[in-house]
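Undergrad: This is the structure, below, for whatever I ask next.
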Amino acid sequence: MSDRHDVVPILAGVFRDHGFDGSSLAVISKQTGLGKGSLYHYFPRGKQEMAEAVLDDVEQWFHHNVFEPLRHGTDAASTTHEMFEQTARYFRSNRLVCLFGAFTLGLERAVFSGRVAAHFTHWIDALTPVLSRLGHGESAAELAEEIVAGIQGALVLSRASDDATRFDRLLARLEASAARVPVGVHV
């Protein structure tokens, strides 16, 4: 490993596979190929700093590939479709694990809950005006919340049932609900 940045994707895999509590320094050292001294060189505050670096990386990905396109897209229908495509691509490549969601399950919840809540709030806030432009009006914020919660639920259900196709089906239904214009609304 040439620098800290090279270690972060490996750490993400460790946290995905073992959770925060199960990712001991011994497991992290084995998976990264770095001794504890090297790990502390890159991450002086230890495992919490490693997790923060992983969350930084995830946040940057979502900011660039999901939140910014939602905020700046000009065609609401294609912007929404692209959000679902990017989201599916991200989670499929990460074995249907949401690290933000995973970091709310154990004792680490106290450390990361504010950051996790902010991540989902940013997503809902970026999606709401797009849904409003699609004709959902005052119900856009509620629908955005349902879609983000639905994506998280789809991840859990698909992973629990070991059925990745379930994730794709559920995402397709969520996308259809975003595209569906409520009865009586003319766009």
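Ligands are numbered from 1 in the order shown, residues from 1 within each chain, and chains are lettered A, B, ... in the order they appear in the structure tokens.
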Skipping near chain neighbours, those fewer than 6 positions away, what residues fall within 12 Å of Thr165 in chain A using only C-alpha atoms, listed as a VMD selection string?
TA: chain A and resid 88 92 96 154 to 155 157 to 159 171 to 172
Undergrad: Generate a file of the selected residues that holds N, CA and C atoms, formatted as a PDB file, in the first residue's frame.
TA:
ATOM      1  N   ALA A  88     -28.302   1.364  -7.728  1.00  0.00           N
ATOM      2  CA  ALA A  88     -28.246  -0.090  -7.951  1.00  0.00           C
ATOM      3  C   ALA A  88     -26.818  -0.525  -8.253  1.00  0.00           C
ATOM      4  N   ARG A  92     -24.911  -3.096  -5.818  1.00  0.00           N
ATOM      5  CA  ARG A  92     -24.555  -4.392  -6.405  1.00  0.00           C
ATOM      6  C   ARG A  92     -23.052  -4.620  -6.299  1.00  0.00           C
ATOM      7  N   LEU A  96     -24.546  -5.664  -1.830  1.00  0.00           N
ATOM      8  CA  LEU A  96     -25.821  -5.286  -1.227  1.00  0.00           C
ATOM      9  C   LEU A  96     -25.691  -4.929   0.254  1.00  0.00           C
ATOM     10  N   ALA A 154     -34.901  -2.843   0.863  1.00  0.00           N
ATOM     11  CA  ALA A 154     -34.599  -3.775  -0.221  1.00  0.00           C
ATOM     12  C   ALA A 154     -33.226  -4.404  -0.022  1.00  0.00           C
ATOM     13  N   LEU A 155     -32.283  -3.607   0.460  1.00  0.00           N
ATOM     14  CA  LEU A 155     -30.942  -4.138   0.734  1.00  0.00           C
ATOM     15  C   LEU A 155     -30.991  -5.221   1.803  1.00  0.00           C
ATOM     16  N   LEU A 157     -33.624  -7.006   2.919  1.00  0.00           N
ATOM     17  CA  LEU A 157     -34.404  -8.169   2.505  1.00  0.00           C
ATOM     18  C   LEU A 157     -33.640  -9.028   1.491  1.00  0.00           C
ATOM     19  N   SER A 158     -32.992  -8.384   0.536  1.00  0.00           N
ATOM     20  CA  SER A 158     -32.241  -9.121  -0.487  1.00  0.00           C
ATOM     21  C   SER A 158     -31.056  -9.846   0.113  1.00  0.00           C
ATOM     22  N   ARG A 159     -30.370  -9.181   1.014  1.00  0.00           N
ATOM     23  CA  ARG A 159     -29.208  -9.807   1.647  1.00  0.00           C
ATOM     24  C   ARG A 159     -29.644 -10.954   2.557  1.00  0.00           C
ATOM     25  N   LEU A 171     -36.245  -2.189  -6.387  1.00  0.00           N
ATOM     26  CA  LEU A 171     -35.823  -0.896  -6.907  1.00  0.00           C
ATOM     27  C   LEU A 171     -36.682  -0.484  -8.104  1.00  0.00           C
ATOM     28  N   ALA A 172     -37.008  -1.429  -8.967  1.00  0.00           N
ATOM     29  CA  ALA A 172     -37.859  -1.125 -10.121  1.00  0.00           C
ATOM     30  C   ALA A 172     -39.229  -0.624  -9.663  1.00  0.00           C
TER      31      ALA A 172
END
Undergrad: Considering only C-alpha atoms, tabulate each residue of range 18-108 of chain A that lies at most 7 Å from range 125-139 of chain A along with its nearest interatomic pair and the corresponding distance in Å to one decimal; arrange the rows by chain and ascending residue number and present them as CSV.
TA:
residue,atom,partner,partner_atom,distance
A:Phe67,CA,A:Ala126,CA,5.8
A:Leu70,CA,A:Ala126,CA,5.8
A:Arg71,CA,A:Ala126,CA,5.7
A:Ala76,CA,A:Val130,CA,5.4
A:Ala77,CA,A:Leu134,CA,6.9
Undergrad: Please report the interatomic distance between CA of Gln48 in chain A and CA of Gly13 in chain A in Å with one decimal.
TA: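 Rounded to one decimal, the two atoms are 15.3 Å apart.
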Undergrad: Could you please determine the separation between CA of Val116 in chain A and CA of Thr80 in chain A in Å, to one decimal place?
TA: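 Computing it gives 22.3 Å between the two atoms.
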Undergrad: Identify which of the residues A:Ile147, A:Ala26, A:Ala178, A:Val8 lies closest to Leu55 in chain A, counting only C-alpha atoms when measuring atom-to-atom distances.
TA: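 Distance minimum relative to Leu55 in chain A lands on A:Val8.
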